[in-house]
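Visitor: Take this structure first; my questions come after.
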Number of protein chains: 4
Amino acid sequence: VDDGGNLGLTTRRIETLSDGVFAIAMTLLVLSLNLPENTGQENFHDLLSGQVHVFFAYVLSFLLLAVFWIIHHYQFKRIKRTDRVLLWINIVILMFVALMPFSTSIVGDYPSEPLAKGFFDMNLFILGLLFYVNWRYASGQHRLIDPNMPREKIEQVARKALVIPIVSLLSFALAFLITDYSSVPYLLIPVILYLPYFRMSGSSVS
Amino acid sequence: VDDGGNLGLTTRRIETLSDGVFAIAMTLLVLSLNLPENTGQENFHDLLSGQVHVFFAYVLSFLLLAVFWIIHHYQFKRIKRTDRVLLWINIVILMFVALMPFSTSIVGDYPSEPLAKGFFDMNLFILGLLFYVNWRYASGQHRLIDPNMPREKIEQVARKALVIPIVSLLSFALAFLITDYSSVPYLLIPVILYLPYFRMSGSSVS
Amino acid sequence: VDDGGNLGLTTRRIETLSDGVFAIAMTLLVLSLNLPENTGQENFHDLLSGQVHVFFAYVLSFLLLAVFWIIHHYQFKRIKRTDRVLLWINIVILMFVALMPFSTSIVGDYPSEPLAKGFFDMNLFILGLLFYVNWRYASGQHRLIDPNMPREKIEQVARKALVIPIVSLLSFALAFLITDYSSVPYLLIPVILYLPYFRMSGSSVS
Amino acid sequence: VDDGGNLGLTTRRIETLSDGVFAIAMTLLVLSLNLPENTGQENFHDLLSGQVHVFFAYVLSFLLLAVFWIIHHYQFKRIKRTDRVLLWINIVILMFVALMPFSTSIVGDYPSEPLAKGFFDMNLFILGLLFYVNWRYASGQHRLIDPNMPREKIEQVARKALVIPIVSLLSFALAFLITDYSSVPYLLIPVILYLPYFRMSGSSVS
């Protein structure tokens, strides 16, 4: 039954690969920051301030990847076993994590292009959805989690995983309406995650 | 005899370096995705859709590296000791893993060039063959594996390692016949790996 | 109370992600070293020596990131628990660590541009300040550290964390006065850290 | 006395950061492989074969970094404690490890330029010398190693560390005489390391 064990891939192994890909993707975001060559014709101050969009995209992506990294550990703290399906869900997750530096760089380079913003939002939407699928698969019929985990708690983790997909879908829609401000919904994420509905009931959790 | 121990390099050490190189190579694949500079003359939608080959190459390489990563752990779960030969087989494996971002980028940049496709297929062929050699060396005369591992099981692991070399050789041949569709055989890998002939007999394996 | 535990993020987890980001950022610094294309028109010796500023920036940034890495472990050796605030302080720390290759490359490319130097110094100032905040938050009311840690020792760790912010602020001011030599204060860091005032009293520490 | 412990930096910590930097530097070597843009004017076969020097540089650097990685573990298997000096020797080692992708790329881009070859050889010479210094410092007066390690064995480890500095010095000299073939001495490294004079007496070592 525990196919993952057969493959020699425990949850710890998947977490190690994931930590690596997350750390590298977060650090590679910096490659989207690129000043034009020094042509001597332009003012350095103008060069830097012309990159404000790029800096904003860098900060936003870094923090969103950090949120996903936290969600990853949050789910894997509760997942006790792995199987082949979970393994491949996670590989596809990592594929979209590794794509983030690209999505970030096009948003920075084409700040007023709806399609660029849309591509970025779609990347985040799929990533968020995959985390939801990851948890639904692992927790369905208590497949890979603690068999005694109460239904209520399973739902809390699932709700938490839905925040980013919903926000990025909203941002996706805005990309084609008010391109320049379409990323505003992402600022809501910390607010939403602290609403009582999404919070874990801290006192009852060890 | 256990030269690897003398070097201070246990199988765990090799696995750690390998995990690092795999994670980095998989994440560096994203560098092959590069939109041309914003010249203002071209339509962004055309720019993105002109990159379809590059996206396909990214996804294919990412999933193939993931398969190799799984095979790596699959073999190393069964390898109990290391020696100098195994160490160097693995270093050459990592050299071809690290080459993948380059092979992927030329396939994406020159999609209709038979030699580019051939280079990519050759990279995968050599990588696959090295995994086969890795296992044959480790399991020959039960050199570095559990002395009680049955012959039948050793052969199963070896068969599994042959799937990618055979598929990539087929793809290599097609590269010079039908360049645009020469990567199709790779889609067969998951199908083949689930044929009873290649599957581990799940029930008898702990 | 120990929200970090709830998230499944122990201090060990944060240290692992941090080690990854530090190692990658330190190695990515090398990307700021870039010889111009071989045009055949210029003397190679001139090309290399034209990069002296870039090499200096590389060495300086590498050593400063190493100092921050040491400070990170120095603080986390004393931090026993994590919570949500500490987690996010550390994520922002990593965001400014990951920014260092960019700051380094602009200092190398625009060596006589006060704003480029200033940007680099600001990056270091914020990074240093965040480490100070990290420690103040963790040690305030012995929040996340050993409850028996003496007041005197807490202050020593805090003093140590103030060295880089002060030096980089000085360097920031010099950037607009004597741009070419504004990095000189950084050479004082090792000297300062060995002054008795900043040194840990080695004998009384296990 | 054990200042490293005070810093919270055990030998394991240094090994972890080193493994990260080695894995990243080895994988970043691939960035030195870069086909020119597809201009449609040149034959792809010519483009690829024009990169033979670059491929050779890639393979050589990858294998040399692997040798250094092995030497690193070989020494650290015997080093039991750390102190501030050892820590900084290792940080400078990592700085020259991280420089290798740059040195490799200039050798690949300027294959017939003596200074480019000389830069590459100098990088390796300094790296090799630092490993020799690392061991001499750690083993001098049995400072950081097992107090019972016999003199004879200490010398064996030291001899081993001298192979690369000597070979790279020879290659450095040749760079200014026969530039195109100046890397030939590196091929001697495996031969030399297997001479009885340099080999560990395998039987007497656990």
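Starting from 1 in every chain, residues are counted up; chains themselves are A, B, ... following the order of the structure tokens, and ligands are numbered from 1 as listed.
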Using only C-alpha atoms, which protein or nucleic acid residues come within 12 Å of stretch 176-192 of chain D? Drop anything in the same chain fewer than 4 positions from it, and give the result as a PyMOL selection string.
Guide: (chain B and resi 84+88) or (chain D and resi 53+56-57+59-61+63-64+67-68+107-108+110-121+124-125+159-172+196-199)
Visitor: Would you put the residues from that selection into a file with N, CA and C atoms, as a compact mmCIF listing (two decimals), in the first residue's frame?
Guide:
```
# COMPACT_ATOMS: atom_id res chain seq x y z
N ARG B 84 34.90 3.66 -4.48
CA ARG B 84 35.40 4.73 -5.33
C ARG B 84 34.74 4.71 -6.72
N TRP B 88 32.40 7.72 -8.46
CA TRP B 88 32.66 8.41 -9.73
C TRP B 88 31.56 8.21 -10.75
N HIS D 53 35.64 23.84 -27.06
CA HIS D 53 36.45 24.34 -25.94
C HIS D 53 35.62 24.53 -24.68
N PHE D 56 34.75 21.20 -23.09
CA PHE D 56 35.92 20.65 -22.40
C PHE D 56 36.12 21.36 -21.06
N ALA D 57 35.99 22.69 -21.07
CA ALA D 57 36.15 23.46 -19.83
C ALA D 57 35.09 23.06 -18.80
N VAL D 59 33.48 20.10 -18.52
CA VAL D 59 33.77 18.77 -17.98
C VAL D 59 34.95 18.84 -17.01
N LEU D 60 36.02 19.53 -17.41
CA LEU D 60 37.20 19.63 -16.55
C LEU D 60 36.85 20.27 -15.21
N SER D 61 36.14 21.39 -15.24
CA SER D 61 35.81 22.09 -14.00
C SER D 61 34.88 21.27 -13.12
N LEU D 63 34.66 18.01 -12.93
CA LEU D 63 35.40 16.92 -12.28
C LEU D 63 36.36 17.45 -11.22
N LEU D 64 36.99 18.61 -11.48
CA LEU D 64 37.90 19.16 -10.48
C LEU D 64 37.14 19.60 -9.23
N VAL D 67 36.53 16.58 -7.27
CA VAL D 67 37.73 16.16 -6.53
C VAL D 67 37.87 17.01 -5.25
N PHE D 68 37.67 18.33 -5.38
CA PHE D 68 37.77 19.19 -4.20
C PHE D 68 36.70 18.83 -3.16
N VAL D 107 37.64 30.81 -19.70
CA VAL D 107 38.47 29.85 -20.43
C VAL D 107 37.73 29.34 -21.67
N GLY D 108 36.41 29.13 -21.52
CA GLY D 108 35.63 28.65 -22.67
C GLY D 108 35.47 29.73 -23.74
N TYR D 110 37.50 32.45 -24.21
CA TYR D 110 38.78 32.94 -24.75
C TYR D 110 39.80 31.80 -24.74
N PRO D 111 39.55 30.74 -25.52
CA PRO D 111 40.37 29.53 -25.39
C PRO D 111 41.85 29.73 -25.74
N SER D 112 42.17 30.71 -26.56
CA SER D 112 43.58 30.83 -26.95
C SER D 112 44.23 32.04 -26.28
N GLU D 113 43.61 32.51 -25.20
CA GLU D 113 44.13 33.67 -24.49
C GLU D 113 44.92 33.20 -23.25
N PRO D 114 46.24 33.37 -23.24
CA PRO D 114 47.04 32.88 -22.11
C PRO D 114 46.53 33.38 -20.75
N LEU D 115 46.14 34.65 -20.70
CA LEU D 115 45.71 35.21 -19.42
C LEU D 115 44.44 34.55 -18.89
N ALA D 116 43.53 34.17 -19.81
CA ALA D 116 42.30 33.51 -19.38
C ALA D 116 42.64 32.15 -18.77
N LYS D 117 43.47 31.39 -19.48
CA LYS D 117 43.92 30.10 -18.94
C LYS D 117 44.63 30.29 -17.60
N GLY D 118 45.49 31.31 -17.55
CA GLY D 118 46.25 31.56 -16.33
C GLY D 118 45.32 31.91 -15.16
N PHE D 119 44.28 32.65 -15.43
CA PHE D 119 43.30 33.01 -14.39
C PHE D 119 42.65 31.74 -13.83
N PHE D 120 42.24 30.86 -14.74
CA PHE D 120 41.62 29.58 -14.37
C PHE D 120 42.59 28.75 -13.50
N ASP D 121 43.85 28.64 -13.96
CA ASP D 121 44.84 27.84 -13.22
C ASP D 121 45.11 28.45 -11.84
N LEU D 124 42.42 27.55 -9.38
CA LEU D 124 42.59 26.19 -8.87
C LEU D 124 43.79 26.09 -7.93
N PHE D 125 44.86 26.82 -8.26
CA PHE D 125 46.05 26.79 -7.42
C PHE D 125 45.72 27.31 -6.01
N ARG D 159 49.99 15.35 1.85
CA ARG D 159 50.53 15.08 0.51
C ARG D 159 49.42 15.10 -0.53
N LYS D 160 48.32 14.44 -0.17
CA LYS D 160 47.18 14.37 -1.08
C LYS D 160 46.69 15.77 -1.46
N ALA D 161 46.70 16.66 -0.48
CA ALA D 161 46.19 18.01 -0.72
C ALA D 161 47.14 18.83 -1.59
N LEU D 162 48.37 18.34 -1.75
CA LEU D 162 49.34 19.11 -2.55
C LEU D 162 49.26 18.82 -4.04
N VAL D 163 48.57 17.73 -4.41
CA VAL D 163 48.57 17.31 -5.82
C VAL D 163 48.01 18.41 -6.72
N ILE D 164 46.82 18.93 -6.40
CA ILE D 164 46.20 19.92 -7.29
C ILE D 164 47.00 21.23 -7.36
N PRO D 165 47.49 21.77 -6.23
CA PRO D 165 48.29 23.00 -6.36
C PRO D 165 49.49 22.81 -7.28
N ILE D 166 50.18 21.68 -7.17
CA ILE D 166 51.37 21.46 -8.01
C ILE D 166 50.97 21.36 -9.48
N VAL D 167 49.92 20.57 -9.75
CA VAL D 167 49.49 20.39 -11.14
C VAL D 167 49.02 21.72 -11.73
N SER D 168 48.29 22.51 -10.95
CA SER D 168 47.76 23.75 -11.52
C SER D 168 48.87 24.78 -11.71
N LEU D 169 49.91 24.71 -10.90
CA LEU D 169 51.05 25.60 -11.09
C LEU D 169 51.76 25.25 -12.41
N LEU D 170 51.89 23.96 -12.66
CA LEU D 170 52.49 23.49 -13.92
C LEU D 170 51.65 23.97 -15.09
N SER D 171 50.34 23.81 -14.97
CA SER D 171 49.43 24.23 -16.04
C SER D 171 49.49 25.74 -16.25
N PHE D 172 49.66 26.48 -15.14
CA PHE D 172 49.78 27.94 -15.22
C PHE D 172 50.99 28.33 -16.07
N PRO D 196 51.30 4.78 -5.23
CA PRO D 196 51.36 4.29 -3.84
C PRO D 196 51.73 5.39 -2.85
N TYR D 197 52.58 6.35 -3.30
CA TYR D 197 53.04 7.41 -2.42
C TYR D 197 51.89 8.25 -1.86
N PHE D 198 50.84 8.42 -2.68
CA PHE D 198 49.73 9.28 -2.27
C PHE D 198 48.55 8.51 -1.69
N ARG D 199 48.48 7.22 -1.98
CA ARG D 199 47.33 6.44 -1.55
C ARG D 199 47.34 6.23 -0.05
```
Visitor: Running DSSP on the backbone, which parts of stretch 33-174 of chain C land in helix (DSSP H, G or I), as a VMD selection string?
Guide: chain C and resid 44 to 49 52 to 76 84 to 109 114 to 142 151 to 174
Visitor: Considering only C-alpha atoms, tabulate each residue of chain B that lies at most 6 Å from chain A along with its nearest interatomic pair and the corresponding distance in Å to one decimal; arrange the rows by chain and ascending residue number and present them as CSV.
Guide:
```
residue,atom,partner,partner_atom,distance
B:Ala23,CA,A:Val21,CA,5.4
B:Thr27,CA,A:Ala98,CA,5.1
B:His73,CA,A:Gly8,CA,5.9
B:Tyr74,CA,A:Leu7,CA,5.1
B:Lys77,CA,A:Gly8,CA,5.5
```
Visitor: What does the structure give for the distance between atom CA of B:Leu127 and atom CA of B:Val85, in Å to one decimal?
Guide: 16.5 Å
Visitor: So how many Å separate atom CA of B:Trp135 and atom CA of A:Ile93, to one decimal?
Guide: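 We find that atom CA of B:Trp135 and atom CA of A:Ile93 lie 29.4 Å from each other.
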